[in-house]
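Here is the structure we will look at, set down as C-alpha cells.
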Amino acid sequence: MIVGVLGAGQLGRMLALAGYPLGLRFRFLEAAGETPAGMLAECLRGSFHDRQVLDRFAAGLDVVTYEFENVPADAAQYLNQHVPVYPGPHALETAQDRLLEKLLFQRLGIPTPAHAPVDDRADLTQALGEIGLPAVLKTRRLGYDGKGQMVLRDAEDIERAAFLLAKGTLLLEAFVPFQREVSILGVRNRQGQTAFYPLVENHHREGILRRSLAPAPGLNPALQMRAERYAVSILETLDYVGVVAVEFFEHEGRLLANEMAPRVHNSGHWTIEGAQTSQFENHLRAVLGLPLGSTTAVGCSVMVNLIGSVPPLETVLQVPGAHLHLYGKTPFRGRKLGHVTLTDEDPKTLQDRLVQLGL
Ligand code: AMP
C-alpha cells in the first residue's frame with residue numbers, strides 16, 4: 001500500500017519510519033522548504049493549489065494524510081474526490097481556525113478559557129471589557145509555536161497589538177495562570193475503534209515545546225478519564241480518523257482546552273520508545289483501517305526537543321536509555337532539529353539521566 005502525505009517535515013519522516021516495518025510505501029508532497037521526509041521516500045515538489053500537481057501526487061495512492069495542519073482545505077477536498085483523505089477535510093478546517101475549534105469545544109461541553117473573536121480595534125476594546133487583563137491575543141489562523149500571538153498586560157501592550165490587528169481575524173483569550181500544560185493523544189480508526197495515550201505534561205519556552213513528561217507526573221485516573229471523555233467526543237463528533245492531539249491548561253483542578261492538532265504531535269514523540277505502539281504507527285493503522293495497537297506506556301519517558309542546535313552525538317549517546325532522533329534540518333534559531341527520548345521504569349533514575357544529558 002502507498003500512503004500519500006501532504007508535507008514532508010519531521011512528522012512525515014517519523015511516519016515513514018513507522019510504516020516501513022508494516023510494508024508500507026510513502027509519497028510526500030511539499031510546497032516549499034526542506035524535506036526531512038524526502039531523504040527516506042519519494043517527494044514531489046509543487047503547490048497545493050495546483051490541480052496537476054495534486055493529480056500527479058494522488059496517482060496510485062491508497063490513502064492520503066497530512067503531517068502539518070495548514071494544508072489548504074480545498075486541496076484536501078479535491079484529493080478526497082479521488083483518494084480517501086484522513087483526517088477528513090472538515091476536521092482539518094475546524095482545527096485550522098482557533099475560533100471554530102473553541103466553538104466545537106464549547107458545543108461538546110469541554111471547558112475553554114474565556115474568549116471572543118476580534119476583527120478590528122472596536123472588537124478588541126469590547127472583548128477587553130468582557131475578558132479583562134491579562135489576556136492573550138492570537139491570530140485565528142496559521143499561528144504555531146507561539147507565533148502570531150501576544151500577551152496583553154497593560155495599555156501599552158494594547159497599543160503594540162496593532163500589528164496583530166493588521167494580520168486579519170483574531171481571538172482574544174483570558175490569560176490562564178495554569179498549574180501546568182498537559183495534552184492527550186487520541187486515535188480513531190476507519191471502523192470507529194478508539195484508543196488514548198496517557199496524559200503528558202508539557203513545558204514550553206518562548207511558545208515552543210521544550211520537554212514532555214509521560215505519563216504526566218502524579219497523573220490520577222479521574223483526570224485521565226476526563227481528558228479521554230473530552231477527546232472521544234471530539235473524535236466521534238468529527239467522525240475523525242487518525243491521531244488527534246488536544247492541549248489543555250490544568251487550572252484549579254479543571255482541564256481547559258487550548259487547542260487541537262489534527263495530526264501526530266510533538267508531545268507524542270515519546271511514544272516511539274515509551275509506548276507499546278507509537279503515535280506514528282497508530283496513525284497509519286487508523287487511516288488504513290487496521291486494528292489499533294496498544295497505547296500503554298512502557299515505564300516513564302522524558303522527551304527533550306533539540307532546538308536551534310544539536311549537541312555532540314557522544315554527549316547524548318553516552319546516557320543509558322537515551323534515544324536520539326535527528327531530522328536532517330539546517331540549524332537556525334528556534335528551529336526543531338531533533339529530539340531525545342529517555343525511558344526508564346523508575347522515575348528517579350529518569351531524573352538522574354536527564355541531569356546527565358544536560359539539556
Ligand atoms: P498556543 O499556540 O495556543 O498553543 O500557545 C502557545 C503557548 O502560549 C501555550 O503553550 C501556553 O504556554 C501559552 N498560552 C497560550 N494561550 C494562553 C492562555 N490563554 N493563557 C496562558 N498561556 C497561554
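Labels for the C-alpha cells follow display order: chains A, B, ..., residues from 1 in each chain, ligands from 1.
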- What lies within 8 Å of Thr35 of chain A using only C-alpha atoms, ignoring chain neighbours under 5 positions off, as a list of chain:residue names?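 Here the qualifying residues turn out to be A:Ala8, A:Gly9, A:Gln10, A:Glu30, A:Cys43.
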- Item | alpha helix (DSSP H) call set, DSSP backbone run, segment 80-304 of chain A, as a PyMOL selection string | chain A and resi 80+89-96+98-107+121-131+155-160+162-165+221-237+271-274+279-287
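Here the question is which of A:Gly33, A:Gly358, A:Gly242, A:Pro134 gets nearest to ligand 1 using only C-alpha atoms and all ligand atoms, and that residue is A:Pro134.
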- Task: Kindly work out which residues sit at most 6 Å from ligand 1, using only C-alpha atoms and all ligand atoms, and give the list as an MDAnalysis selection string.
- Result: chainID A and resid 136 144:146 173:177 204 207 258
- Query: Which is closest to Val3 of chain A among A:His283, A:Arg333, A:His49, A:His323, if we use only C-alpha atoms?
  - Reply: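 Under the stated criterion, the closest residue is A:His283.
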- Task: Find the residues near Leu290 of chain A: any atom within 12 Å, counting only C-alpha atoms, skip ones fewer than 4 places away on the same chain, and give them as a ChimeraX atom specification.
- Result: /A:22,187-194,241-242,281-286
Quick one: write out the picked residues with C-alpha atoms as a compact mmCIF listing (two decimals), in the first residue's frame?
```
# COMPACT_ATOMS: atom_id res chain seq x y z
CA LEU A 22 4.42 -2.72 8.12
CA VAL A 187 -6.62 7.85 17.83
CA ARG A 188 -9.67 6.55 15.95
CA ASN A 189 -9.58 4.18 13.01
CA ARG A 190 -11.86 3.92 9.99
CA GLN A 191 -14.05 1.37 11.81
CA GLY A 192 -14.53 3.70 14.80
CA GLN A 193 -12.19 1.92 17.23
CA THR A 194 -10.57 4.43 19.62
CA VAL A 241 -9.87 9.14 11.56
CA GLY A 242 -6.21 9.29 12.67
CA GLU A 281 2.25 3.61 13.74
CA ASN A 282 -1.21 4.07 15.24
CA HIS A 283 -1.93 6.97 12.90
CA LEU A 284 -1.04 4.76 9.94
CA ARG A 285 -3.09 1.86 11.31
CA ALA A 286 -6.05 4.23 11.78
```
- Task: Compile the contact shell of Arg226 of chain A as a list in words: residues with an atom at most 10 Å away, counting only C-alpha atoms, same-chain residues fewer than 6 positions apart removed.
- Result: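 So, after excluding close chain neighbours, the residues are Ile110, Val232, Arg254 and Leu255 of chain A.
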File of the preceding selection, C-alpha atoms, as an mmCIF file, in the first residue's frame:
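Final file, out_34.cif:
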```cif
data_model
loop_
_atom_site.group_PDB
_atom_site.id
_atom_site.type_symbol
_atom_site.label_atom_id
_atom_site.label_comp_id
_atom_site.auth_asym_id
_atom_site.auth_seq_id
_atom_site.Cartn_x
_atom_site.Cartn_y
_atom_site.Cartn_z
ATOM 1 C CA ILE A 110 -15.359 20.947 27.021
ATOM 2 C CA VAL A 232 -13.622 10.864 22.408
ATOM 3 C CA ARG A 254 -10.016 21.734 35.715
ATOM 4 C CA LEU A 255 -8.846 20.971 32.213
#
```
- Using only C-alpha atoms, the best pick from A:Leu152, A:Val302, A:Val287, A:Leu100 as closest to Val5 of chain A would be A:Val287
